[in-house]
Amino acid sequence: MTPPLPTRAALPDELLDRPQWVGWRTQTTGGNETKIPLDVSGGYASATDASTWTTFDEALAYATNGEADGVGFVFTDDDPYVGVALDACRERETGATEDWAQVIVDRLDSYTEVDLAGTGYHVIVHGSLPPGGDRTGGLELYERARFLTVTGDRVDETPDSVADRTAELTAIYQAYVESGESPDDPSFVDADSEPPQSTSLASLDAPGNDLSDEAVVERATNTANSLEFRRLWAGDADAYDSREDADSALCSILAFWTGGDPEQMDRLFRESGLYHGKWDEVHFADGETYGEKLIARALEEATEFYDPSGFSSAVRRTASKGEPRASDSSEEAGRDRNRSDGHDYSDGHDHSDGHDGTRDVGTASAADADDTAGAHSDDHSDTHSSDHSGDNSDTHSGDHPADRERRLNELQERVESLVEENDRLRDELAEERRRRRELEATDDEDDEDGGGWSLFGWFK
């Protein structure tokens, strides 16, 4: 049976004003029903060929004359729309809706209609999607080169207009598509449970330090291996596979230089060139924002933090968050002895054997602060000395200015070498991406030559 056709009065005006409409007809192939987009001239329509689209009125007239079973709207790169299809979530006769779908409909709060089968919903919003997949379980997202059947059967108490829901779309995408979770899994959304609470930045555990925001940026910028920080701070994410990878890298560097102060990390990230609107978006599943998640992850993965005091430049964290370290008392005692004789006893070991110049490899000297910064990219095995020669007059091999200068020169050479290697790899990556785009463009042309419509998928 042919479903009823939508009317102008039932649809948002802004959709009616766009010449992005097609007819469609049900076609059975291999026992499966597929909805094929049609050009009102009688041929197939293509979601990538605007010459095969038309106005709503012409598409409706074409369907009214029996040439098509219904009308559909084409989503393109040039419009602000995203379609959200929720399948198999509604009881046809009663309209009862499954919890997971109701949560999404309520969260998007935009134009929503019952689908053709009467067992699902279509929601149309303003927004954009992160790169990646577009479906999981009963959830499918339409943003470009796709068409969506339109019924005009608007759900009561939902808006009759299209709302801007970029933040909500991103949250839904992260919670379902990106995570691989099926939204129709009843264990994933429990409508009767309280929503999870966001983790407060102030509750995250780390030593912290007294550096101002300006001092943190200055030190991170001027250290020997500051290239990565300077690029990220300027907003350059080209060296990373994704924007999130770049954001995470900057958070890790900020975690070190702020002594793991989450609130200072948050302030500084907002001042960086990487800051974007997604930072404050609430994650759909657990109530945390994107920024809070990245900060918490950086602190969880951090192994050391910068300490601007002269006694110990790195505080290596070995206990879980919230747990006292077994060596805290001995370290404090070592700090007291440092103040009296100038040597570093902060490792908590007994130095009564006369080897005053020894220390634990896990703690770096103040002279090594630059080497310690960005520990994720440099090997520190050559920056510490535990040489026990038996001579009480021995000091650390790196205490002499000439030794420090030599080490700095070596590090500078390593940095320059790594920069050259990084530039080479970036060029190779850019070339590979260019070749991939050319191949994808060729594939798209081949697909269009084979019948255009097969690109767009079908909606059950």
# chains A, B, ... in the order shown; residues from 1 in each chain; ligands from 1
call {"tool": "residues_around", "arguments": {"residues": "Ala167 in chain A", "least_positions_apart": "6", "cutoff": "12 Å", "atoms": "only C-alpha atoms", "output": "ChimeraX atom specification"}}
result
/A:107-108,125-130,173-174,276-284,289-290
call {"tool": "select_by_dssp", "arguments": {"residues": "range 10-82 of chain A", "states": "helix (DSSP H, G or I)", "output": "PyMOL selection string"}}
result
chain A and resi 10+13-16+50-52+56-64
call {"tool": "closest_residue", "arguments": {"among": "A:Asp423, A:Asp13, A:Asp134, A:Glu263", "to": "Thr170 in chain A", "atoms": "only C-alpha atoms"}}
result
A:Asp134
call {"tool": "residues_around", "arguments": {"residues": "Gly120 in chain A", "least_positions_apart": "2", "cutoff": "9 Å", "atoms": "only C-alpha atoms", "output": "list in words"}}
result
Ala85, Leu86, Asp87, Ala88, Cys89, Arg90, Glu91, Arg92, Thr97, Ala101, Glu113, Val114, Asp115, Leu116, Ala117, Gly118 and His122 of chain A
call {"tool": "atom_distance", "arguments": {"atom1": "CA of Gly70 in chain A", "atom2": "CA of Gly152 in chain A"}}
result
11.0 Å
call {"tool": "closest_residue", "arguments": {"among": "A:Gly66, A:Gly43, A:Gly72, A:Gly273", "to": "Gly23 in chain A", "atoms": "only C-alpha atoms"}}
result
A:Gly72
call {"tool": "closest_residue", "arguments": {"among": "A:Asp77, A:Glu416, A:Glu143, A:Asp307", "to": "Val216 in chain A", "atoms": "only C-alpha atoms"}}
result
A:Asp307
call {"tool": "residues_around", "arguments": {"residues": "range 242-256 of chain A", "least_positions_apart": "3", "cutoff": "8 Å", "atoms": "only C-alpha atoms", "output": "NGL selection string"}}
result
:A and (229 or 232-233 or 237 or 259-262 or 265 or 268-269 or 274 or 294-295 or 298-299 or 302 or 304-306 or 373-374)
call {"tool": "atom_distance", "arguments": {"atom1": "CA of Thr166 in chain A", "atom2": "CA of Tyr240 in chain A"}}
result
23.6 Å
call {"tool": "atom_distance", "arguments": {"atom1": "CA of Pro6 in chain A", "atom2": "CA of Val150 in chain A"}}
result
7.2 Å
call {"tool": "residues_around", "arguments": {"residues": "Gln412 in chain A", "least_positions_apart": "3", "cutoff": "12 Å", "atoms": "only C-alpha atoms", "output": "JSON, numbers by chain"}}
result
{"A": [223, 224, 225, 226, 227, 370, 371, 378, 405, 406, 407, 408, 409, 415, 416, 417, 418, 419]}
call {"tool": "write_last_selection", "arguments": {"atoms": "N, CA and C atoms", "output": "PDB file, in the first residue's frame"}}
result
ATOM      1  N   THR A 223      61.811  25.136  26.409  1.00  0.00           N
ATOM      2  CA  THR A 223      62.610  23.962  26.717  1.00  0.00           C
ATOM      3  C   THR A 223      63.237  23.403  25.442  1.00  0.00           C
ATOM      4  N   ALA A 224      64.259  22.567  25.592  1.00  0.00           N
ATOM      5  CA  ALA A 224      65.016  22.085  24.434  1.00  0.00           C
ATOM      6  C   ALA A 224      64.153  21.310  23.447  1.00  0.00           C
ATOM      7  N   ASN A 225      63.134  20.608  23.939  1.00  0.00           N
ATOM      8  CA  ASN A 225      62.303  19.799  23.036  1.00  0.00           C
ATOM      9  C   ASN A 225      60.887  20.368  22.971  1.00  0.00           C
ATOM     10  N   SER A 226      60.803  21.679  22.729  1.00  0.00           N
ATOM     11  CA  SER A 226      59.516  22.370  22.788  1.00  0.00           C
ATOM     12  C   SER A 226      58.767  22.389  21.467  1.00  0.00           C
ATOM     13  N   LEU A 227      59.331  21.803  20.411  1.00  0.00           N
ATOM     14  CA  LEU A 227      58.713  21.933  19.091  1.00  0.00           C
ATOM     15  C   LEU A 227      57.280  21.412  19.079  1.00  0.00           C
ATOM     16  N   ASP A 370      64.595  20.521  31.566  1.00  0.00           N
ATOM     17  CA  ASP A 370      64.242  20.559  30.157  1.00  0.00           C
ATOM     18  C   ASP A 370      64.201  19.169  29.561  1.00  0.00           C
ATOM     19  N   ASP A 371      65.135  18.293  30.030  1.00  0.00           N
ATOM     20  CA  ASP A 371      65.142  16.933  29.512  1.00  0.00           C
ATOM     21  C   ASP A 371      63.907  16.186  29.950  1.00  0.00           C
ATOM     22  N   ASP A 378      61.396  11.739  24.757  1.00  0.00           N
ATOM     23  CA  ASP A 378      62.836  11.688  24.936  1.00  0.00           C
ATOM     24  C   ASP A 378      63.236  10.569  25.875  1.00  0.00           C
ATOM     25  N   GLU A 405      76.457  21.743  29.100  1.00  0.00           N
ATOM     26  CA  GLU A 405      76.477  22.305  27.754  1.00  0.00           C
ATOM     27  C   GLU A 405      76.571  21.201  26.706  1.00  0.00           C
ATOM     28  N   ARG A 406      77.411  20.190  27.002  1.00  0.00           N
ATOM     29  CA  ARG A 406      77.529  19.072  26.064  1.00  0.00           C
ATOM     30  C   ARG A 406      76.195  18.348  25.910  1.00  0.00           C
ATOM     31  N   ARG A 407      75.523  18.109  27.059  1.00  0.00           N
ATOM     32  CA  ARG A 407      74.245  17.408  26.998  1.00  0.00           C
ATOM     33  C   ARG A 407      73.207  18.204  26.217  1.00  0.00           C
ATOM     34  N   LEU A 408      73.192  19.512  26.456  1.00  0.00           N
ATOM     35  CA  LEU A 408      72.237  20.356  25.743  1.00  0.00           C
ATOM     36  C   LEU A 408      72.500  20.337  24.241  1.00  0.00           C
ATOM     37  N   ASN A 409      73.780  20.351  23.853  1.00  0.00           N
ATOM     38  CA  ASN A 409      74.114  20.291  22.428  1.00  0.00           C
ATOM     39  C   ASN A 409      73.663  18.973  21.813  1.00  0.00           C
ATOM     40  N   VAL A 415      66.947  16.788  18.674  1.00  0.00           N
ATOM     41  CA  VAL A 415      65.694  17.478  18.348  1.00  0.00           C
ATOM     42  C   VAL A 415      65.660  17.854  16.872  1.00  0.00           C
ATOM     43  N   GLU A 416      66.763  18.419  16.372  1.00  0.00           N
ATOM     44  CA  GLU A 416      66.806  18.813  14.965  1.00  0.00           C
ATOM     45  C   GLU A 416      66.639  17.612  14.049  1.00  0.00           C
ATOM     46  N   SER A 417      67.256  16.493  14.433  1.00  0.00           N
ATOM     47  CA  SER A 417      67.106  15.274  13.642  1.00  0.00           C
ATOM     48  C   SER A 417      65.668  14.785  13.644  1.00  0.00           C
ATOM     49  N   LEU A 418      65.045  14.833  14.824  1.00  0.00           N
ATOM     50  CA  LEU A 418      63.647  14.400  14.924  1.00  0.00           C
ATOM     51  C   LEU A 418      62.723  15.326  14.147  1.00  0.00           C
ATOM     52  N   VAL A 419      63.024  16.618  14.152  1.00  0.00           N
ATOM     53  CA  VAL A 419      62.204  17.566  13.383  1.00  0.00           C
ATOM     54  C   VAL A 419      62.275  17.242  11.899  1.00  0.00           C
TER      55      VAL A 419
END
call {"tool": "residues_around", "arguments": {"residues": "Ala68 in chain A", "least_positions_apart": "2", "cutoff": "10 Å", "atoms": "only C-alpha atoms", "output": "PyMOL selection string"}}
result
chain A and resi 2+22-26+36-40+42+59-66+70-71
call {"tool": "decode", "arguments": {"residues": "range 89-162 of chain A", "atoms": "C-alpha atoms", "output": "PDB file, in the first residue's frame"}}
result
ATOM      1  CA  CYS A  89      11.971   1.485  18.269  1.00  0.00           C
ATOM      2  CA  ARG A  90       8.241   2.286  18.068  1.00  0.00           C
ATOM      3  CA  GLU A  91       5.101   0.192  18.427  1.00  0.00           C
ATOM      4  CA  ARG A  92       3.115   0.862  15.253  1.00  0.00           C
ATOM      5  CA  GLU A  93      -0.357   0.652  16.781  1.00  0.00           C
ATOM      6  CA  THR A  94       0.180   2.322  20.166  1.00  0.00           C
ATOM      7  CA  GLY A  95       3.099   4.639  19.445  1.00  0.00           C
ATOM      8  CA  ALA A  96       4.962   3.327  22.510  1.00  0.00           C
ATOM      9  CA  THR A  97       8.658   4.175  22.159  1.00  0.00           C
ATOM     10  CA  GLU A  98      11.678   2.314  23.479  1.00  0.00           C
ATOM     11  CA  ASP A  99      13.685   4.158  26.107  1.00  0.00           C
ATOM     12  CA  TRP A 100      16.883   4.542  24.084  1.00  0.00           C
ATOM     13  CA  ALA A 101      15.038   6.184  21.186  1.00  0.00           C
ATOM     14  CA  GLN A 102      13.012   8.471  23.443  1.00  0.00           C
ATOM     15  CA  VAL A 103      16.227   9.686  25.076  1.00  0.00           C
ATOM     16  CA  ILE A 104      17.651  10.640  21.670  1.00  0.00           C
ATOM     17  CA  VAL A 105      14.425  12.301  20.468  1.00  0.00           C
ATOM     18  CA  ASP A 106      14.212  14.332  23.672  1.00  0.00           C
ATOM     19  CA  ARG A 107      17.892  15.253  23.549  1.00  0.00           C
ATOM     20  CA  LEU A 108      17.778  16.464  19.938  1.00  0.00           C
ATOM     21  CA  ASP A 109      14.474  18.341  20.424  1.00  0.00           C
ATOM     22  CA  SER A 110      14.066  19.226  16.735  1.00  0.00           C
ATOM     23  CA  TYR A 111      11.665  18.383  13.900  1.00  0.00           C
ATOM     24  CA  THR A 112      10.761  14.693  14.347  1.00  0.00           C
ATOM     25  CA  GLU A 113       8.466  12.515  12.236  1.00  0.00           C
ATOM     26  CA  VAL A 114       7.308   8.905  12.272  1.00  0.00           C
ATOM     27  CA  ASP A 115       8.968   6.883   9.528  1.00  0.00           C
ATOM     28  CA  LEU A 116       7.229   5.112   6.637  1.00  0.00           C
ATOM     29  CA  ALA A 117       6.892   1.796   8.446  1.00  0.00           C
ATOM     30  CA  GLY A 118       5.496   3.449  11.559  1.00  0.00           C
ATOM     31  CA  THR A 119       8.106   1.644  13.657  1.00  0.00           C
ATOM     32  CA  GLY A 120      10.765   4.344  13.904  1.00  0.00           C
ATOM     33  CA  TYR A 121      11.535   8.039  13.727  1.00  0.00           C
ATOM     34  CA  HIS A 122      13.388  10.583  11.602  1.00  0.00           C
ATOM     35  CA  VAL A 123      14.865  13.656  13.299  1.00  0.00           C
ATOM     36  CA  ILE A 124      16.316  16.524  11.228  1.00  0.00           C
ATOM     37  CA  VAL A 125      18.716  18.989  12.874  1.00  0.00           C
ATOM     38  CA  HIS A 126      21.307  21.619  12.042  1.00  0.00           C
ATOM     39  CA  GLY A 127      24.788  20.321  12.781  1.00  0.00           C
ATOM     40  CA  SER A 128      27.771  18.345  11.575  1.00  0.00           C
ATOM     41  CA  LEU A 129      29.233  14.948  12.344  1.00  0.00           C
ATOM     42  CA  PRO A 130      32.766  13.929  13.286  1.00  0.00           C
ATOM     43  CA  PRO A 131      34.544  11.913  10.570  1.00  0.00           C
ATOM     44  CA  GLY A 132      33.965   8.179  10.668  1.00  0.00           C
ATOM     45  CA  GLY A 133      31.053   5.767  10.497  1.00  0.00           C
ATOM     46  CA  ASP A 134      27.418   6.754  10.341  1.00  0.00           C
ATOM     47  CA  ARG A 135      25.454   3.856  11.796  1.00  0.00           C
ATOM     48  CA  THR A 136      25.252   1.393  14.655  1.00  0.00           C
ATOM     49  CA  GLY A 137      22.397  -0.879  15.669  1.00  0.00           C
ATOM     50  CA  GLY A 138      19.102   0.919  15.114  1.00  0.00           C
ATOM     51  CA  LEU A 139      20.732   4.350  14.717  1.00  0.00           C
ATOM     52  CA  GLU A 140      21.735   5.810  11.339  1.00  0.00           C
ATOM     53  CA  LEU A 141      22.996   9.320  10.570  1.00  0.00           C
ATOM     54  CA  TYR A 142      22.606  11.152   7.244  1.00  0.00           C
ATOM     55  CA  GLU A 143      24.835  14.135   6.435  1.00  0.00           C
ATOM     56  CA  ARG A 144      25.977  14.054   2.815  1.00  0.00           C
ATOM     57  CA  ALA A 145      25.354  12.186  -0.456  1.00  0.00           C
ATOM     58  CA  ARG A 146      22.302  10.473   1.053  1.00  0.00           C
ATOM     59  CA  PHE A 147      18.557  10.904   0.736  1.00  0.00           C
ATOM     60  CA  LEU A 148      15.976  10.320   3.450  1.00  0.00           C
ATOM     61  CA  THR A 149      12.326   9.526   2.851  1.00  0.00           C
ATOM     62  CA  VAL A 150      10.032  12.208   4.287  1.00  0.00           C
ATOM     63  CA  THR A 151       6.533  11.505   5.634  1.00  0.00           C
ATOM     64  CA  GLY A 152       5.468  14.757   7.294  1.00  0.00           C
ATOM     65  CA  ASP A 153       3.928  12.712  10.136  1.00  0.00           C
ATOM     66  CA  ARG A 154       5.327  14.978  12.872  1.00  0.00           C
ATOM     67  CA  VAL A 155       5.480  13.628  16.399  1.00  0.00           C
ATOM     68  CA  ASP A 156       3.276  15.534  18.847  1.00  0.00           C
ATOM     69  CA  GLU A 157       5.104  17.866  21.242  1.00  0.00           C
ATOM     70  CA  THR A 158       8.213  18.014  19.049  1.00  0.00           C
ATOM     71  CA  PRO A 159       9.213  21.284  17.318  1.00  0.00           C
ATOM     72  CA  ASP A 160       7.861  22.095  13.857  1.00  0.00           C
ATOM     73  CA  SER A 161      11.206  23.675  12.961  1.00  0.00           C
ATOM     74  CA  VAL A 162      14.809  22.507  12.615  1.00  0.00           C
TER      75      VAL A 162
END
